[in-house]
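Peer 1: The structure under discussion is supplied below as structure tokens; questions concerning it will follow.
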Amino acid sequence: MHLGRKTLSKFLIENISGSKDGAALAALLVDVAAAVKAIAAMSARGALDGASGSLDSTNVQGETQKPLDVLSNTAFVNTFEMGGLVAGVASEEMDDPFPVKAPHTRGPFLAIFDPLDGSSNIDGNVSVGSIFSILRANGTGEPGIEDYLQPGSKQVAAGYALYGPSTVMVLTVGNGTHGFTLDREVGNFILTHPHIQIPADTSEYAINTSNERFWEPPVTRYIDECKAGKTGPRERDFNMRWIASMVAEVHRILIRGGIFMYPRDTKDPTKPGRLRLMYEANPMSFLVEQAGGAASTGRERIMDVVPDKIHQRIPVILGSRHEVARVDHYHQQYDAGTDKPFDSPLFNERSLFRP
Ligand code: AFP
């Protein structure tokens, strides 16, 4: 029992219910927390309820669906449809957006979400998560596809749930990034990480190095310099992590700093990156920026990108702002033809870039 500790509901009442449509937004985030609690309970059951293994179905991404993918999606869709606070939803697991129709009541928001991120880790019992992004609907009618295609800078709220040793919800409504831990005994999310701040510098990077041969030169240059450690231009050793659950990587970065990279690669030239803009990159970018970090494609701020498709993919470089700035700088030098690949003899001196 956490007597005297602030619950999510109390935090929302104190921090946003007074702003424009703040009361409705607070109520929506309480609904999201309810869906998260249901998913946390299902996730914790693991193989006991057949939530592991794979279904015969694939989603719009062409990915094999896990039972928990579908169950999580249903939990969010039902919560939003009944809550009367959204006009429509879009999900990684659904080809097209789902409008709220009578007899259900439409509300002033749009909810876009990845109901279960990292699901290829479920059978290995590795932490997975849910990611959500909240936009304002355009009017009160049934939303069209164009109503969803807003840049990340238009988000009114964003967050994730991490189903790990503890269940954590991290969210922002534009006044900082704050973390809540689920007290399973009473079913309350308790404010445990107020005003999270990402260290500007880091010596820890996260990238799937099996894609190295597909990377663009500025990414190869940055990672080669990190791997060179004390013997190279960075003059310090770096550590590497790769969990293959974006939610777990971003949570680690929010807590201790780091840089997460899923850059553009040539593995599939039809895809400018693996991660999806609307329900992975944008919400994570909002959270990271509100925590003093940065989030870029390598060439532009992720939250400035105007989407043209719900499921469009985008390169993602986010985390400690000085490292993101360095990677952006290397992209600028490469595009301008002035880059100095790491193996060039010029690199015997200290790196010329200072954030
Ligand atoms: P799944 O949800 O299919 O497991 O994908 C997870 C994810 O979208 C993101 O959470 C990870 O950072 C990334 O993909 C892992 O991609 P790789 O499997 O190529 O490393």
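Ligands are numbered from 1 in the order shown, residues from 1 within each chain, and chains are lettered A, B, ... in the order they appear in the structure tokens.
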As a PyMOL selection string, please: the residues near A:Glu92 (cut-off 9 Å, only C-alpha atoms, same-chain neighbours under 6 positions excluded).
Peer 2: chain A and resi 59-61+73+112-116+276+279+310-311
Peer 1: Show me a table, sorted first by chain and then by increasing residue number, of the residues of stretch 274-324 of chain A having an atom at most 6 Å from stretch 169-192 of chain A, each with its shortest atom pair and the distance in Å to one decimal, counting only C-alpha atoms and written as a Markdown table.
Peer 2:
```
| residue | atom | partner | partner_atom | distance |
| --- | --- | --- | --- | --- |
| A:Leu287 | CA | A:Thr177 | CA | 5.8 |
| A:Gln290 | CA | A:Gly176 | CA | 4.9 |
| A:Ala291 | CA | A:Thr177 | CA | 5.5 |
```
Peer 1: Can I get the selected residues back with N, CA, C and O atoms, as a PDB file, in the first residue's frame?
Peer 2:
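Once written, part-v8.pdb looks like this:
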```pdb
ATOM      1  N   LEU A 287       8.013  11.840 -25.701  1.00  0.00           N
ATOM      2  CA  LEU A 287       8.487  11.516 -24.348  1.00  0.00           C
ATOM      3  C   LEU A 287       9.958  11.914 -24.169  1.00  0.00           C
ATOM      4  O   LEU A 287      10.338  12.520 -23.163  1.00  0.00           O
ATOM      5  N   GLN A 290      10.468  15.725 -24.151  1.00  0.00           N
ATOM      6  CA  GLN A 290       9.968  16.298 -22.899  1.00  0.00           C
ATOM      7  C   GLN A 290      10.891  15.961 -21.721  1.00  0.00           C
ATOM      8  O   GLN A 290      10.789  16.563 -20.651  1.00  0.00           O
ATOM      9  N   ALA A 291      11.767  14.963 -21.926  1.00  0.00           N
ATOM     10  CA  ALA A 291      12.741  14.599 -20.884  1.00  0.00           C
ATOM     11  C   ALA A 291      14.117  15.175 -21.194  1.00  0.00           C
ATOM     12  O   ALA A 291      15.120  14.729 -20.642  1.00  0.00           O
TER      13      ALA A 291
END
```
Peer 1: Return as a ChimeraX atom specification the full set of residues in stretch 39-276 of chain A whose backbone-based DSSP assignment is strand (DSSP E or B).
Peer 2: /A:58,64,86-91,98-99,109-117,128-136,157-163,167-172,177-183,188-193,204-206,215,239-241,259-262,265,276
Peer 1: Which residues are close to stretch 98-108 of chain A, i.e. within 10 Å by only C-alpha atoms, leaving aside same-chain residues fewer than 5 positions away? Reply as a list in words.
Peer 2: Asp21, Ala24, Leu25, Leu28, Val77, Phe80, Glu81, Met82, Gly83, Gly84, Leu85, Val86, Ala87, Gly88, Val89, Ala90, Ser91, Leu135, Arg136, Ala137, Asn138, Gly139, Thr140, Gly141, Glu142, Pro143, Gly144 and Ile145 of chain A
Peer 1: Just want the residues within 9 Å of ligand 1, written as a ChimeraX atom specification, counting only C-alpha atoms and all ligand atoms.
Peer 2: /A:63-65,69,114,116-122,128-129,207-211,242-249,260-262,274-276,280
Peer 1: Do you have the atom CA of A:Ala111-atom CA of A:Met42 distance handy?
Peer 2: 21.7 Å
Peer 1: Using backbone DSSP assignments, extract all helix (DSSP H, G or I) residues from stretch 75-138 of chain A; output them as a PyMOL selection string.
Peer 2: chain A and resi 75-83+119-124
Peer 1: Identify which of the residues A:Pro217, A:Pro97, A:Pro283, A:Gly229 lies closest to A:Ile131, counting only C-alpha atoms when measuring atom-to-atom distances.
Peer 2: A:Pro283
Peer 1: So that I can check the surroundings of A:Ala41, please list as a ChimeraX atom specification every protein, DNA and RNA residue that reaches within 12 Å of it, counting only C-alpha atoms and ignoring chain neighbours fewer than 5 positions away.
Peer 2: /A:34-36,46,48-49,51,68,71-72,75,163-164,166-167,182,184,187
Peer 1: Calculated over only C-alpha atoms, which of the candidates A:Gln332, A:Asn78, A:Thr338, A:Thr231 has the smallest distance to A:Val219?
Peer 2: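 Among the listed residues, A:Gln332 lies closest to A:Val219.
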Peer 1: Need to verify the contact set: A:Glu14, 10 Å, only C-alpha atoms, exclusion of same-chain residues closer than 5 positions in sequence. Can you return it as JSON, numbers by chain?
Peer 2: {"A": [8, 9, 26]}
Peer 1: Using only C-alpha atoms, which residues sit within 12 Å of A:Val316 once same-chain residues fewer than 5 positions away are excluded, as a short mmCIF file (atom, residue, chain, number, x, y, z; two decimals) with C-alpha atoms, in the first residue's frame?
Peer 2:
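So the final result, stored in around-v4.cif, reads:
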```cif
data_model
loop_
_atom_site.label_atom_id
_atom_site.label_comp_id
_atom_site.auth_asym_id
_atom_site.auth_seq_id
_atom_site.Cartn_x
_atom_site.Cartn_y
_atom_site.Cartn_z
CA ALA A 206 21.56 0.51 -28.82
CA ILE A 207 21.45 -0.73 -32.41
CA VAL A 219 25.81 5.57 -39.02
CA MET A 246 11.76 -0.46 -28.27
CA VAL A 250 13.57 3.82 -24.43
CA ILE A 259 21.21 6.54 -27.76
CA PHE A 260 18.78 4.23 -29.60
CA MET A 261 19.19 3.82 -33.34
CA TYR A 262 17.06 2.05 -35.91
CA PRO A 263 18.42 4.00 -38.88
CA ARG A 264 17.54 3.99 -42.53
CA ASP A 265 19.10 0.95 -44.14
CA PRO A 272 13.03 3.87 -45.04
CA GLY A 273 13.45 2.18 -41.64
CA ARG A 274 11.83 -0.54 -39.59
CA LEU A 275 9.94 1.49 -37.00
CA ARG A 276 6.56 3.12 -37.61
CA LEU A 277 6.22 6.88 -37.41
CA GLU A 280 6.33 4.15 -32.32
CA ALA A 281 8.58 7.04 -33.38
CA ASN A 282 6.24 9.97 -32.65
CA PRO A 283 5.10 9.01 -29.13
CA MET A 284 8.63 7.99 -28.12
CA SER A 285 10.00 11.25 -29.57
CA ALA A 294 16.39 14.58 -28.88
CA ALA A 295 14.73 12.46 -31.59
CA SER A 296 15.79 12.64 -35.22
CA THR A 297 15.71 10.72 -38.48
CA GLY A 298 19.38 11.70 -38.86
CA ARG A 299 18.30 14.47 -41.19
CA GLU A 300 15.27 16.07 -39.49
CA ARG A 301 13.35 16.19 -36.21
CA ILE A 302 10.98 13.22 -36.14
CA MET A 303 8.09 15.26 -34.73
CA VAL A 305 7.63 14.87 -40.27
CA VAL A 324 21.88 12.56 -31.35
CA VAL A 327 24.86 11.58 -35.45
CA ASP A 328 22.87 14.36 -37.17
#
```
Peer 1: When you draw a straight line from atom CA of A:Lys66 to atom CA of A:Glu93, how long is it in Å?
Peer 2: 10.6 Å
Peer 1: Just to confirm, what's the straight-line distance from atom CA of A:Glu212 to atom CA of A:Lys309 in Å (one decimal)?
Peer 2: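 According to the coordinates, atom CA of A:Glu212 and atom CA of A:Lys309 are separated by 27.5 Å.
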Peer 1: Find the spatial neighbours of A:Ala325, counting only C-alpha atoms, within a cut-off of 10 Å - ignore same-chain residues fewer than 4 positions away - and output them as a count of residues only.
Peer 2: 15
Peer 1: Smallest atom-to-atom distance to A:Pro269: which of A:Glu225, A:Trp215, A:Arg5, A:His195, using only C-alpha atoms?
Peer 2: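 Using only C-alpha atoms, the shortest distance to A:Pro269 belongs to A:Trp215.
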Peer 1: Taking only C-alpha atoms into account, which of A:Phe109, A:Phe11, A:Tyr205, A:Phe132 comes nearest A:Phe76?
Peer 2: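 Closest to A:Phe76, using only C-alpha atoms: A:Phe132.
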Peer 1: Using only C-alpha atoms for the distances, tell me which of A:Pro233, A:Pro307, A:Pro165, A:Pro199 is nearest to A:His322.
Peer 2: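 Counting only C-alpha atoms, the residue closest to A:His322 is A:Pro199.
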